[in-house]
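To keep things clear, I will list the structure first and then write my remarks on it.
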Amino acid sequence: MELRPLGRAGPQVSALGLGCMGMSGMYGPADRAESIATLEAALDAGITLLDTGDFYGMGHNELLIAEALRRVPRDRFEVSVKFGAQRDPAGNWLGYDARPAAVKSALAYSLQRLRLDYIDIYRPARLDPAVPIEETVGAIADMVKAGYVRHIGLSEVGAATIRRAAAVHPICDLQIEYSLVSRAIEDSILPTVRELGIAITAYGVLSRGLISGHWRKDSARAGDIRAHIPRFRGENIERNLALVEALRAVASARGVSVAQIAIAWVIGQGADIIPLIGARRRDRLAEALGALEVKLTPEDLAAIERAVPRGAAAGERYAPAQMASLDSERR
Ligand SMILES: NC(=O)c1ccc[n+]([C@@H]2O[C@H](COP(=O)([O-])OP(=O)(O)OC[C@H]3O[C@@H](n4cnc5c(N)ncnc54)[C@H](OP(=O)(O)O)[C@@H]3O)[C@@H](O)[C@H]2O)c1
């Protein structure tokens, strides 16, 4: 597996990362044994970067990762942890808390659950509108000095916030949605991070499964957050699945799967962009790893663009309340 620097300030990480969110209930029930087997298979394949959030299953995801990492040498992986999202016992979303005391307290609990002495990359999941980003990043920087965190990342923030954060402490990466059907970062965010030497860890590379080639209109099961995402609903899903069929024709002509061509497209956007793959089964992981072998030609890229032009997706990537909490979408 090729290693790449995670920005000027970050560690070397694998060219693909594994995002573990789907293993802790966000996409409906997941099989615990298969999740662990997927984590182990990812590490065996050379994936080093594992992404989680303390609110994924309210700690469940960190405990799962800790189990998979029990016998893995510490220098074989990097764990990226998001914090700040507040949830009640029923899983309802309550907002964000990224005050300095909350940063340090959340970190203490994550270290315990992960059974680690330090976290490789620590980041606020969202901008807390009540707390200047300088205070949040300043608190993480204190934890870097104390040895509990190695690097600082950001998530779903816009260009102005990125600049303010980077003025406090070096930022290694911005985690943000980026795919054939979510390309808004190309306008101002991507040029800004490139200027500052910050990498992108891209999530939703398959638009949460929508453009994986495996999604059907009725695939969402109980407890699956995708049932509330506009792109997966009503007339939007019909239009979006038509785009997937157009992409399937391009993929088939190239002898690869839809998921592989979608992941390869993101990989092809630059060595500073690391896709976080949301596989929670070994077969999906194997398919995703196959994308590393797909080298897209200018003709392939033109065919992909014709099949899925920028802005073609119907519906927003989040429900309205969540869209409103995205600093990255502020115009
Ligand atoms: N910073 C943020 O705000 C934020 C937000 C969301 C996610 N993330 C991070 O990014 C990670 C990935 O996010 P995502 O869920 O949006 O990823 P994704 O890769 O776009 O979608 C994952 C979904 O696609 C399905 N899928 C179908 N074929 C696949 C294949 N070949 N490889 C991988 N998945 C395939 C998955 O498995 P099934 O078929 O099993 O359903 C899963 O339901 C998360 O786990 C999390 O760590 C960050």
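Ligands are numbered from 1 in the order shown, chains are lettered A, B, ... in the order of the structure tokens, and residues start at 1 in each chain.
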When DSSP is applied to the backbone of this structure, which of range 133-179 of chain A are assigned alpha helix (DSSP H)? Write them out as a list in words.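 Assigned to alpha helix (DSSP H), within range 133-179 of chain A: Ile133, Glu134, Glu135, Thr136, Val137, Gly138, Ala139, Ile140, Ala141, Asp142, Met143, Val144, Lys145, Ala159, Ala160, Thr161, Ile162, Arg163, Arg164, Ala165, Ala166, Ala167 and Val168 of chain A.
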Neighbouring residues of ligand 1 are defined here as those with any atom at most 8 Å from a ligand atom, counting only C-alpha atoms and all ligand atoms; list them as an NGL selection string. :A and (18-23 or 27 or 30 or 50-53 or 82 or 125-126 or 155-156 or 175-177 or 202-215 or 259-260 or 276-281 or 283-288)
Could you write those residues out with C-alpha atoms, as an mmCIF file, in the first residue's frame?
```
data_model
loop_
_atom_site.group_PDB
_atom_site.id
_atom_site.type_symbol
_atom_site.label_atom_id
_atom_site.label_comp_id
_atom_site.auth_asym_id
_atom_site.auth_seq_id
_atom_site.Cartn_x
_atom_site.Cartn_y
_atom_site.Cartn_z
ATOM 1 C CA LEU A 18 -11.040 3.079 6.624
ATOM 2 C CA GLY A 19 -13.990 5.012 8.070
ATOM 3 C CA CYS A 20 -15.620 2.961 10.806
ATOM 4 C CA MET A 21 -18.889 4.849 11.400
ATOM 5 C CA GLY A 22 -21.139 2.319 9.647
ATOM 6 C CA MET A 23 -19.958 -0.368 12.074
ATOM 7 C CA TYR A 27 -26.451 2.785 8.722
ATOM 8 C CA ALA A 30 -23.948 -4.008 11.582
ATOM 9 C CA LEU A 50 -8.710 4.470 10.812
ATOM 10 C CA ASP A 51 -11.361 7.146 11.288
ATOM 11 C CA THR A 52 -13.914 7.287 14.086
ATOM 12 C CA GLY A 53 -15.935 9.706 16.216
ATOM 13 C CA LYS A 82 -13.852 13.404 15.954
ATOM 14 C CA ALA A 125 -16.679 17.136 14.182
ATOM 15 C CA ARG A 126 -18.244 20.524 13.440
ATOM 16 C CA SER A 155 -14.042 18.631 9.740
ATOM 17 C CA GLU A 156 -16.638 20.283 7.487
ATOM 18 C CA GLN A 175 -12.193 15.862 6.683
ATOM 19 C CA ILE A 176 -15.032 16.705 4.319
ATOM 20 C CA GLU A 177 -17.481 15.092 1.914
ATOM 21 C CA ALA A 202 -12.617 12.616 1.889
ATOM 22 C CA TYR A 203 -15.718 10.923 3.222
ATOM 23 C CA GLY A 204 -18.894 10.044 1.361
ATOM 24 C CA VAL A 205 -16.736 9.052 -1.609
ATOM 25 C CA LEU A 206 -19.580 6.679 -2.494
ATOM 26 C CA SER A 207 -22.125 9.236 -1.278
ATOM 27 C CA ARG A 208 -22.814 6.901 1.664
ATOM 28 C CA GLY A 209 -23.439 3.973 -0.671
ATOM 29 C CA LEU A 210 -25.722 5.868 -3.084
ATOM 30 C CA ILE A 211 -23.195 5.715 -5.940
ATOM 31 C CA SER A 212 -21.678 2.359 -4.925
ATOM 32 C CA GLY A 213 -23.671 0.477 -7.549
ATOM 33 C CA HIS A 214 -25.196 -1.677 -4.790
ATOM 34 C CA TRP A 215 -27.876 0.695 -3.497
ATOM 35 C CA ALA A 259 -17.739 1.690 -6.603
ATOM 36 C CA GLN A 260 -14.215 1.263 -7.974
ATOM 37 C CA LEU A 276 -12.018 7.275 3.775
ATOM 38 C CA ILE A 277 -13.838 4.150 2.699
ATOM 39 C CA GLY A 278 -16.958 3.271 4.689
ATOM 40 C CA ALA A 279 -16.709 -0.510 4.262
ATOM 41 C CA ARG A 280 -18.057 -2.628 7.109
ATOM 42 C CA ARG A 281 -17.790 -5.968 5.333
ATOM 43 C CA ASP A 283 -16.246 -8.044 0.422
ATOM 44 C CA ARG A 284 -16.905 -4.282 0.237
ATOM 45 C CA LEU A 285 -13.386 -3.577 1.501
ATOM 46 C CA ALA A 286 -11.863 -5.848 -1.155
ATOM 47 C CA GLU A 287 -13.856 -4.049 -3.841
ATOM 48 C CA ALA A 288 -12.698 -0.654 -2.541
#
```
I'd like a table as CSV: residues in range 168-255 of chain A with an atom no more than 10 Å from range 296-307 of chain A, each row giving the shortest atom pair and its distance in Å to one decimal, only C-alpha atoms counted, sorted by chain and rising residue number.
```
residue,atom,partner,partner_atom,distance
A:Leu180,CA,A:Glu305,CA,8.5
A:Ala242,CA,A:Ala307,CA,9.6
A:Leu243,CA,A:Ala307,CA,6.6
A:Val244,CA,A:Ala307,CA,8.3
A:Glu245,CA,A:Ala307,CA,8.6
A:Ala246,CA,A:Ala307,CA,5.1
A:Leu247,CA,A:Ala307,CA,5.5
A:Arg248,CA,A:Ala307,CA,9.0
A:Ala249,CA,A:Ala307,CA,8.6
A:Val250,CA,A:Ile304,CA,6.6
A:Ala251,CA,A:Ile304,CA,8.7
A:Ala253,CA,A:Asp300,CA,9.7
A:Arg254,CA,A:Asp300,CA,8.2
```
So that I have them on file, write out the residues from the current selection with all heavy atoms, as a compact mmCIF listing (two decimals), in the first residue's frame.
```
# COMPACT_ATOMS: atom_id res chain seq x y z
N LEU A 180 -17.96 12.32 -6.72
CA LEU A 180 -18.50 12.74 -8.02
C LEU A 180 -19.77 13.55 -7.87
O LEU A 180 -20.05 14.42 -8.68
CB LEU A 180 -18.82 11.48 -8.84
CG LEU A 180 -17.70 10.95 -9.70
CD1 LEU A 180 -18.07 9.59 -10.24
CD2 LEU A 180 -17.43 11.93 -10.84
N ALA A 242 -30.47 6.91 -11.59
CA ALA A 242 -30.28 6.98 -13.05
C ALA A 242 -28.83 7.42 -13.36
O ALA A 242 -28.21 6.91 -14.30
CB ALA A 242 -31.29 7.93 -13.67
N LEU A 243 -28.30 8.33 -12.54
CA LEU A 243 -26.89 8.73 -12.72
C LEU A 243 -25.98 7.53 -12.49
O LEU A 243 -24.97 7.35 -13.19
CB LEU A 243 -26.51 9.83 -11.72
CG LEU A 243 -27.18 11.20 -11.85
CD1 LEU A 243 -26.76 12.10 -10.69
CD2 LEU A 243 -26.81 11.85 -13.19
N VAL A 244 -26.31 6.73 -11.48
CA VAL A 244 -25.48 5.55 -11.18
C VAL A 244 -25.47 4.60 -12.37
O VAL A 244 -24.43 4.03 -12.71
CB VAL A 244 -25.99 4.83 -9.89
CG1 VAL A 244 -25.21 3.54 -9.65
CG2 VAL A 244 -25.90 5.76 -8.69
N GLU A 245 -26.61 4.45 -13.03
CA GLU A 245 -26.66 3.55 -14.20
C GLU A 245 -25.78 4.09 -15.33
O GLU A 245 -25.11 3.33 -16.03
CB GLU A 245 -28.10 3.31 -14.66
CG GLU A 245 -28.90 2.46 -13.67
CD GLU A 245 -28.11 1.26 -13.14
OE1 GLU A 245 -27.63 0.43 -13.94
OE2 GLU A 245 -27.94 1.16 -11.90
N ALA A 246 -25.77 5.42 -15.48
CA ALA A 246 -24.89 6.01 -16.50
C ALA A 246 -23.42 5.75 -16.14
O ALA A 246 -22.59 5.43 -17.00
CB ALA A 246 -25.16 7.51 -16.60
N LEU A 247 -23.12 5.83 -14.84
CA LEU A 247 -21.74 5.57 -14.38
C LEU A 247 -21.40 4.08 -14.54
O LEU A 247 -20.27 3.72 -14.88
CB LEU A 247 -21.62 6.00 -12.91
CG LEU A 247 -20.22 6.01 -12.31
CD1 LEU A 247 -19.28 6.95 -13.07
CD2 LEU A 247 -20.29 6.43 -10.82
N ARG A 248 -22.42 3.24 -14.33
CA ARG A 248 -22.19 1.79 -14.47
C ARG A 248 -21.76 1.46 -15.90
O ARG A 248 -20.89 0.60 -16.12
CB ARG A 248 -23.46 1.01 -14.09
CG ARG A 248 -23.21 -0.49 -13.89
CD ARG A 248 -24.51 -1.28 -13.68
NE ARG A 248 -25.31 -0.82 -12.58
CZ ARG A 248 -25.13 -1.15 -11.30
NH1 ARG A 248 -24.15 -1.95 -10.98
NH2 ARG A 248 -25.94 -0.68 -10.36
N ALA A 249 -22.35 2.14 -16.87
CA ALA A 249 -21.99 1.87 -18.27
C ALA A 249 -20.51 2.21 -18.50
O ALA A 249 -19.78 1.46 -19.17
CB ALA A 249 -22.89 2.70 -19.20
N VAL A 250 -20.05 3.32 -17.90
CA VAL A 250 -18.63 3.71 -18.05
C VAL A 250 -17.74 2.69 -17.35
O VAL A 250 -16.71 2.25 -17.89
CB VAL A 250 -18.38 5.12 -17.46
CG1 VAL A 250 -16.92 5.53 -17.63
CG2 VAL A 250 -19.30 6.16 -18.11
N ALA A 251 -18.15 2.28 -16.14
CA ALA A 251 -17.36 1.32 -15.36
C ALA A 251 -17.26 -0.02 -16.10
O ALA A 251 -16.18 -0.61 -16.20
CB ALA A 251 -17.98 1.15 -13.97
N ALA A 253 -17.56 -0.67 -19.27
CA ALA A 253 -16.71 -0.56 -20.46
C ALA A 253 -15.24 -0.63 -20.07
O ALA A 253 -14.38 -1.07 -20.84
CB ALA A 253 -17.00 0.74 -21.20
N ARG A 254 -14.95 -0.21 -18.85
CA ARG A 254 -13.57 -0.17 -18.35
C ARG A 254 -13.21 -1.47 -17.59
O ARG A 254 -12.08 -1.66 -17.16
CB ARG A 254 -13.51 1.05 -17.41
CG ARG A 254 -12.22 1.56 -16.99
CD ARG A 254 -11.33 1.98 -18.16
NE ARG A 254 -10.16 2.63 -17.61
CZ ARG A 254 -9.25 2.03 -16.87
NH1 ARG A 254 -9.35 0.75 -16.60
NH2 ARG A 254 -8.22 2.72 -16.39
```
Using only C-alpha atoms, which protein or nucleic acid residues come within 7 Å of Asp120 in chain A? Drop anything in the same chain fewer than 3 positions from it, and give the result as a list in words.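 In the requested format, the answer is Glu78, Val79, Ser80, Val149, Arg150 and His151 of chain A.
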Got time to write the residues from that selection, N, CA, C and O atoms, as a short mmCIF file (atom, residue, chain, number, x, y, z; two decimals), in the first residue's frame?
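Saved result, again_15.cif, follows:
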```cif
data_model
loop_
_atom_site.label_atom_id
_atom_site.label_comp_id
_atom_site.auth_asym_id
_atom_site.auth_seq_id
_atom_site.Cartn_x
_atom_site.Cartn_y
_atom_site.Cartn_z
N GLU A 78 -2.77 4.75 12.42
CA GLU A 78 -3.09 6.08 12.93
C GLU A 78 -4.60 6.12 13.16
O GLU A 78 -5.36 5.72 12.28
N VAL A 79 -4.99 6.59 14.34
CA VAL A 79 -6.42 6.72 14.62
C VAL A 79 -6.79 8.20 14.58
O VAL A 79 -6.15 9.03 15.22
N SER A 80 -7.83 8.50 13.81
CA SER A 80 -8.37 9.86 13.71
C SER A 80 -9.72 9.88 14.44
O SER A 80 -10.59 9.05 14.16
N VAL A 149 -2.16 13.99 22.11
CA VAL A 149 -2.58 14.09 20.71
C VAL A 149 -1.32 14.37 19.89
O VAL A 149 -0.44 15.11 20.33
N ARG A 150 -1.26 13.78 18.67
CA ARG A 150 -0.09 14.04 17.81
C ARG A 150 -0.35 15.18 16.81
O ARG A 150 0.51 16.01 16.58
N HIS A 151 -1.55 15.17 16.19
CA HIS A 151 -1.83 16.13 15.12
C HIS A 151 -3.26 16.63 15.23
O HIS A 151 -4.12 15.94 15.77
#
```
Identify which of the residues A:Gly290, A:Phe55, A:Leu154, A:Val81 lies closest to Met1 in chain A, counting only C-alpha atoms when measuring atom-to-atom distances.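 Of the candidates, the smallest distance to Met1 in chain A is held by A:Gly290.
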Can you tell me which residues surround Ala146 in chain A at a distance of at most 12 Å, considering only C-alpha atoms, apart from same-chain residues fewer than 3 positions away, and format the answer as JSON, numbers by chain? {"A": [104, 117, 118, 119, 139, 140, 141, 142, 143, 149, 150]}
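Once Arg231 in chain A and its same-chain neighbours fewer than 3 positions away are set aside, Ser207, Leu210, Arg226, Ala227, His228, Gly234, Glu235, Asn236, Ile237, Glu238, Arg239, Asn240, Leu241, Ala313, Ala314, Gly315, Glu316, Arg317, Tyr318 and Ala319 of chain A remain within 10 Å of it when counting only C-alpha atoms.
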Selection to disk with all heavy atoms, as a compact mmCIF listing (two decimals), in the first residue's frame:
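Output file part.txt is given in full below:
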```txt
# COMPACT_ATOMS: atom_id res chain seq x y z
N SER A 207 -20.90 8.56 -1.70
CA SER A 207 -22.13 9.24 -1.28
C SER A 207 -22.93 8.33 -0.34
O SER A 207 -24.13 8.14 -0.51
CB SER A 207 -22.97 9.68 -2.48
OG SER A 207 -23.99 10.54 -2.06
N LEU A 210 -24.81 5.50 -1.98
CA LEU A 210 -25.72 5.87 -3.08
C LEU A 210 -25.12 5.59 -4.45
O LEU A 210 -25.79 5.07 -5.35
CB LEU A 210 -26.09 7.36 -2.96
CG LEU A 210 -26.98 7.96 -4.03
CD1 LEU A 210 -28.36 7.31 -4.02
CD2 LEU A 210 -27.13 9.47 -3.81
N ARG A 226 -29.66 7.23 6.47
CA ARG A 226 -29.83 7.61 5.07
C ARG A 226 -31.30 7.81 4.70
O ARG A 226 -31.60 8.51 3.73
CB ARG A 226 -29.18 6.56 4.16
CG ARG A 226 -27.67 6.62 4.29
CD ARG A 226 -26.98 5.49 3.57
NE ARG A 226 -27.19 4.21 4.23
CZ ARG A 226 -26.45 3.13 4.01
NH1 ARG A 226 -25.46 3.18 3.15
NH2 ARG A 226 -26.68 2.00 4.65
N ALA A 227 -32.20 7.21 5.50
CA ALA A 227 -33.63 7.41 5.23
C ALA A 227 -34.01 8.88 5.37
O ALA A 227 -35.04 9.31 4.86
CB ALA A 227 -34.45 6.56 6.20
N HIS A 228 -33.17 9.68 6.07
CA HIS A 228 -33.49 11.11 6.29
C HIS A 228 -32.68 12.03 5.38
O HIS A 228 -32.81 13.25 5.47
CB HIS A 228 -33.22 11.47 7.76
CG HIS A 228 -33.91 10.55 8.70
ND1 HIS A 228 -35.27 10.59 8.89
CD2 HIS A 228 -33.45 9.53 9.47
CE1 HIS A 228 -35.62 9.62 9.74
NE2 HIS A 228 -34.53 8.97 10.11
N GLY A 234 -37.71 10.06 -2.10
CA GLY A 234 -38.69 10.48 -3.10
C GLY A 234 -38.16 10.43 -4.53
O GLY A 234 -37.55 9.46 -4.96
N GLU A 235 -38.44 11.52 -5.25
CA GLU A 235 -38.03 11.57 -6.66
C GLU A 235 -36.52 11.68 -6.80
O GLU A 235 -35.95 11.29 -7.81
CB GLU A 235 -38.66 12.80 -7.33
CG GLU A 235 -40.11 12.64 -7.66
CD GLU A 235 -40.71 13.92 -8.23
OE1 GLU A 235 -39.95 14.82 -8.64
OE2 GLU A 235 -41.95 14.00 -8.25
N ASN A 236 -35.87 12.26 -5.76
CA ASN A 236 -34.41 12.42 -5.84
C ASN A 236 -33.71 11.08 -6.04
O ASN A 236 -32.78 10.98 -6.85
CB ASN A 236 -33.87 13.07 -4.56
CG ASN A 236 -34.31 14.51 -4.42
OD1 ASN A 236 -34.72 15.13 -5.39
ND2 ASN A 236 -34.22 15.04 -3.21
N ILE A 237 -34.16 10.07 -5.29
CA ILE A 237 -33.44 8.78 -5.38
C ILE A 237 -33.58 8.20 -6.79
O ILE A 237 -32.62 7.63 -7.34
CB ILE A 237 -33.90 7.78 -4.28
CG1 ILE A 237 -33.07 6.51 -4.31
CG2 ILE A 237 -35.36 7.44 -4.36
CD1 ILE A 237 -31.66 6.66 -3.85
N GLU A 238 -34.75 8.38 -7.41
CA GLU A 238 -34.93 7.87 -8.80
C GLU A 238 -33.91 8.55 -9.73
O GLU A 238 -33.24 7.90 -10.53
CB GLU A 238 -36.34 8.20 -9.33
CG GLU A 238 -37.47 7.87 -8.40
CD GLU A 238 -38.02 6.48 -8.66
OE1 GLU A 238 -37.52 5.83 -9.58
OE2 GLU A 238 -38.93 6.06 -7.91
N ARG A 239 -33.82 9.86 -9.61
CA ARG A 239 -32.90 10.60 -10.50
C ARG A 239 -31.45 10.23 -10.22
O ARG A 239 -30.63 10.08 -11.14
CB ARG A 239 -33.11 12.11 -10.32
CG ARG A 239 -34.41 12.57 -11.01
CD ARG A 239 -34.72 14.02 -10.78
NE ARG A 239 -33.62 14.93 -11.06
CZ ARG A 239 -33.61 16.21 -10.68
NH1 ARG A 239 -34.63 16.71 -10.01
NH2 ARG A 239 -32.59 16.98 -10.97
N ASN A 240 -31.13 10.07 -8.93
CA ASN A 240 -29.73 9.76 -8.59
C ASN A 240 -29.34 8.35 -9.02
O ASN A 240 -28.21 8.13 -9.46
CB ASN A 240 -29.51 9.98 -7.09
CG ASN A 240 -29.62 11.46 -6.73
OD1 ASN A 240 -29.35 12.32 -7.58
ND2 ASN A 240 -30.02 11.77 -5.52
N LEU A 241 -30.28 7.41 -8.91
CA LEU A 241 -29.94 6.05 -9.35
C LEU A 241 -29.81 5.99 -10.88
O LEU A 241 -29.08 5.14 -11.40
CB LEU A 241 -30.97 5.05 -8.83
CG LEU A 241 -30.87 4.80 -7.31
CD1 LEU A 241 -31.94 3.81 -6.83
CD2 LEU A 241 -29.48 4.29 -6.90
N ALA A 313 -26.45 15.71 -9.11
CA ALA A 313 -27.20 14.98 -8.08
C ALA A 313 -28.44 15.76 -7.66
O ALA A 313 -28.41 16.98 -7.54
CB ALA A 313 -26.32 14.73 -6.86
N ALA A 314 -29.52 15.03 -7.43
CA ALA A 314 -30.76 15.66 -6.97
C ALA A 314 -30.81 15.57 -5.45
O ALA A 314 -30.63 14.50 -4.88
CB ALA A 314 -31.96 14.94 -7.57
N GLY A 315 -31.05 16.71 -4.80
CA GLY A 315 -31.20 16.72 -3.34
C GLY A 315 -29.89 17.02 -2.64
O GLY A 315 -28.80 16.74 -3.15
N GLU A 316 -30.01 17.60 -1.44
CA GLU A 316 -28.82 17.96 -0.65
C GLU A 316 -28.21 16.72 -0.02
O GLU A 316 -28.84 15.67 0.09
CB GLU A 316 -29.20 18.94 0.46
CG GLU A 316 -29.84 20.22 -0.02
CD GLU A 316 -28.81 21.25 -0.49
OE1 GLU A 316 -27.67 20.85 -0.81
OE2 GLU A 316 -29.16 22.43 -0.57
N ARG A 317 -26.97 16.87 0.46
CA ARG A 317 -26.25 15.75 1.07
C ARG A 317 -26.61 15.54 2.54
O ARG A 317 -26.23 14.53 3.14
CB ARG A 317 -24.75 15.91 0.88
CG ARG A 317 -24.15 17.15 1.51
CD ARG A 317 -22.73 17.39 1.01
NE ARG A 317 -22.10 18.57 1.59
CZ ARG A 317 -21.24 18.54 2.59
NH1 ARG A 317 -20.93 17.38 3.17
NH2 ARG A 317 -20.69 19.64 3.03
N TYR A 318 -27.29 16.49 3.15
CA TYR A 318 -27.77 16.35 4.53
C TYR A 318 -29.18 16.93 4.60
O TYR A 318 -29.57 17.74 3.75
CB TYR A 318 -26.90 17.17 5.51
CG TYR A 318 -25.61 16.50 5.94
CD1 TYR A 318 -24.39 16.88 5.39
CD2 TYR A 318 -25.61 15.51 6.93
CE1 TYR A 318 -23.20 16.28 5.80
CE2 TYR A 318 -24.43 14.91 7.33
CZ TYR A 318 -23.23 15.29 6.78
OH TYR A 318 -22.06 14.70 7.18
N ALA A 319 -29.93 16.54 5.64
CA ALA A 319 -31.25 17.14 5.91
C ALA A 319 -31.04 18.61 6.28
O ALA A 319 -29.93 18.99 6.72
CB ALA A 319 -31.93 16.38 7.04
```
Spatial neighbours of Gln112 in chain A, 12 Å, only C-alpha atoms, chain gap at least 4 places, as a ChimeraX atom specification: /A:54,59,62-63,66,105-108,116-119,148
Please save all heavy atoms of the selected residues as a tab-separated table (two decimals), in the first residue's frame.
```tsv
chain	number	residue	atom	x	y	z
A	54	ASP	N	-16.25	9.97	18.63
A	54	ASP	CA	-16.67	9.44	19.94
A	54	ASP	C	-18.18	9.26	20.01
A	54	ASP	O	-18.69	8.51	20.84
A	54	ASP	CB	-16.12	10.30	21.10
A	54	ASP	CG	-16.56	11.76	21.04
A	54	ASP	OD1	-17.46	12.11	20.26
A	54	ASP	OD2	-15.99	12.56	21.82
A	59	GLY	N	-19.56	5.84	21.75
A	59	GLY	CA	-18.41	5.11	22.28
A	59	GLY	C	-18.27	3.71	21.72
A	59	GLY	O	-17.19	3.11	21.76
A	62	GLU	N	-15.40	3.33	19.14
A	62	GLU	CA	-14.04	3.34	19.69
A	62	GLU	C	-13.73	2.02	20.38
A	62	GLU	O	-12.60	1.50	20.27
A	62	GLU	CB	-13.90	4.51	20.66
A	62	GLU	CG	-13.95	5.87	19.96
A	62	GLU	CD	-13.93	7.03	20.93
A	62	GLU	OE1	-14.65	6.97	21.96
A	62	GLU	OE2	-13.21	8.01	20.69
A	63	LEU	N	-14.71	1.46	21.10
A	63	LEU	CA	-14.47	0.18	21.78
A	63	LEU	C	-14.22	-0.94	20.76
A	63	LEU	O	-13.37	-1.81	20.97
A	63	LEU	CB	-15.67	-0.16	22.68
A	63	LEU	CG	-15.85	0.77	23.88
A	63	LEU	CD1	-17.22	0.58	24.53
A	63	LEU	CD2	-14.74	0.55	24.92
A	66	ALA	N	-10.75	-0.54	19.42
A	66	ALA	CA	-9.78	-0.97	20.44
A	66	ALA	C	-9.64	-2.49	20.42
A	66	ALA	O	-8.53	-3.03	20.52
A	66	ALA	CB	-10.23	-0.50	21.82
A	105	SER	N	-11.99	16.91	28.19
A	105	SER	CA	-12.77	15.84	28.81
A	105	SER	C	-13.10	14.75	27.78
A	105	SER	O	-12.92	13.56	28.05
A	105	SER	CB	-14.06	16.45	29.40
A	105	SER	OG	-14.99	15.45	29.66
A	106	ALA	N	-13.56	15.16	26.60
A	106	ALA	CA	-13.88	14.16	25.57
A	106	ALA	C	-12.64	13.34	25.22
A	106	ALA	O	-12.71	12.12	25.06
A	106	ALA	CB	-14.41	14.87	24.32
A	107	LEU	N	-11.49	14.00	25.14
A	107	LEU	CA	-10.24	13.32	24.80
A	107	LEU	C	-9.90	12.26	25.86
A	107	LEU	O	-9.51	11.13	25.54
A	107	LEU	CB	-9.11	14.34	24.68
A	107	LEU	CG	-7.70	13.78	24.50
A	107	LEU	CD1	-7.58	12.97	23.21
A	107	LEU	CD2	-6.67	14.91	24.51
A	108	ALA	N	-10.08	12.63	27.14
A	108	ALA	CA	-9.77	11.69	28.22
A	108	ALA	C	-10.60	10.41	28.09
A	108	ALA	O	-10.08	9.29	28.23
A	108	ALA	CB	-10.04	12.35	29.58
A	116	LEU	N	-5.54	3.75	24.27
A	116	LEU	CA	-4.33	4.32	23.68
A	116	LEU	C	-3.74	5.38	24.61
A	116	LEU	O	-4.46	5.98	25.41
A	116	LEU	CB	-4.66	4.97	22.33
A	116	LEU	CG	-5.16	4.04	21.21
A	116	LEU	CD1	-5.52	4.85	19.97
A	116	LEU	CD2	-4.14	2.96	20.86
A	117	ASP	N	-2.44	5.62	24.46
A	117	ASP	CA	-1.78	6.70	25.23
A	117	ASP	C	-1.91	8.03	24.52
A	117	ASP	O	-1.78	9.08	25.14
A	117	ASP	CB	-0.28	6.41	25.39
A	117	ASP	CG	-0.05	5.12	26.15
A	117	ASP	OD1	-0.90	4.79	26.99
A	117	ASP	OD2	0.97	4.45	25.88
A	118	TYR	N	-2.08	7.96	23.22
A	118	TYR	CA	-2.27	9.20	22.45
A	118	TYR	C	-3.13	8.91	21.22
A	118	TYR	O	-3.22	7.76	20.76
A	118	TYR	CB	-0.92	9.80	22.01
A	118	TYR	CG	-0.15	8.94	21.03
A	118	TYR	CD1	-0.34	9.08	19.66
A	118	TYR	CD2	0.76	7.97	21.47
A	118	TYR	CE1	0.36	8.29	18.75
A	118	TYR	CE2	1.45	7.18	20.58
A	118	TYR	CZ	1.25	7.33	19.22
A	118	TYR	OH	1.92	6.54	18.32
A	119	ILE	N	-3.76	9.96	20.74
A	119	ILE	CA	-4.55	9.87	19.51
A	119	ILE	C	-3.76	10.56	18.40
A	119	ILE	O	-3.18	11.63	18.62
A	119	ILE	CB	-5.94	10.50	19.73
A	119	ILE	CG1	-6.79	9.51	20.56
A	119	ILE	CG2	-6.64	10.85	18.42
A	119	ILE	CD1	-8.07	10.05	21.07
A	148	TYR	N	-0.87	13.90	24.50
A	148	TYR	CA	-2.07	13.05	24.34
A	148	TYR	C	-2.60	13.03	22.92
A	148	TYR	O	-3.43	12.20	22.57
A	148	TYR	CB	-3.19	13.54	25.26
A	148	TYR	CG	-2.84	13.45	26.73
A	148	TYR	CD1	-2.80	14.59	27.53
A	148	TYR	CD2	-2.55	12.22	27.31
A	148	TYR	CE1	-2.48	14.51	28.88
A	148	TYR	CE2	-2.22	12.11	28.65
A	148	TYR	CZ	-2.18	13.27	29.42
A	148	TYR	OH	-1.86	13.17	30.74
```
Which polymer residues have any atom within 6 Å of an atom of range 263-274 of chain A, counting only C-alpha atoms, with same-chain residues fewer than 3 positions away left out, as a ChimeraX atom specification? /A:15-16,199-202,260,291
Using the selection just defined, write its residues with N, CA, C and O atoms as a compact mmCIF listing (two decimals), in the first residue's frame.
```txt
# COMPACT_ATOMS: atom_id res chain seq x y z
N ALA A 15 -2.82 5.32 1.34
CA ALA A 15 -3.52 6.09 0.30
C ALA A 15 -5.04 5.96 0.41
O ALA A 15 -5.77 6.78 -0.12
N LEU A 16 -5.50 4.92 1.10
CA LEU A 16 -6.93 4.78 1.45
C LEU A 16 -7.03 4.65 2.95
O LEU A 16 -6.22 3.95 3.57
N ALA A 199 -4.04 18.42 3.93
CA ALA A 199 -4.60 17.35 3.09
C ALA A 199 -6.12 17.29 3.28
O ALA A 199 -6.67 17.87 4.22
N ILE A 200 -6.77 16.56 2.37
CA ILE A 200 -8.20 16.27 2.50
C ILE A 200 -8.35 14.79 2.84
O ILE A 200 -7.79 13.94 2.13
N THR A 201 -9.08 14.47 3.90
CA THR A 201 -9.56 13.10 4.07
C THR A 201 -11.02 13.13 3.65
O THR A 201 -11.85 13.76 4.30
N ALA A 202 -11.29 12.50 2.52
CA ALA A 202 -12.62 12.62 1.89
C ALA A 202 -13.55 11.53 2.40
O ALA A 202 -13.21 10.35 2.35
N GLN A 260 -15.65 1.07 -7.67
CA GLN A 260 -14.22 1.26 -7.97
C GLN A 260 -13.97 2.50 -8.82
O GLN A 260 -13.02 3.25 -8.57
N ALA A 291 -9.87 -0.35 -6.25
CA ALA A 291 -9.85 0.98 -6.90
C ALA A 291 -8.43 1.52 -6.98
O ALA A 291 -8.13 2.36 -7.85
```
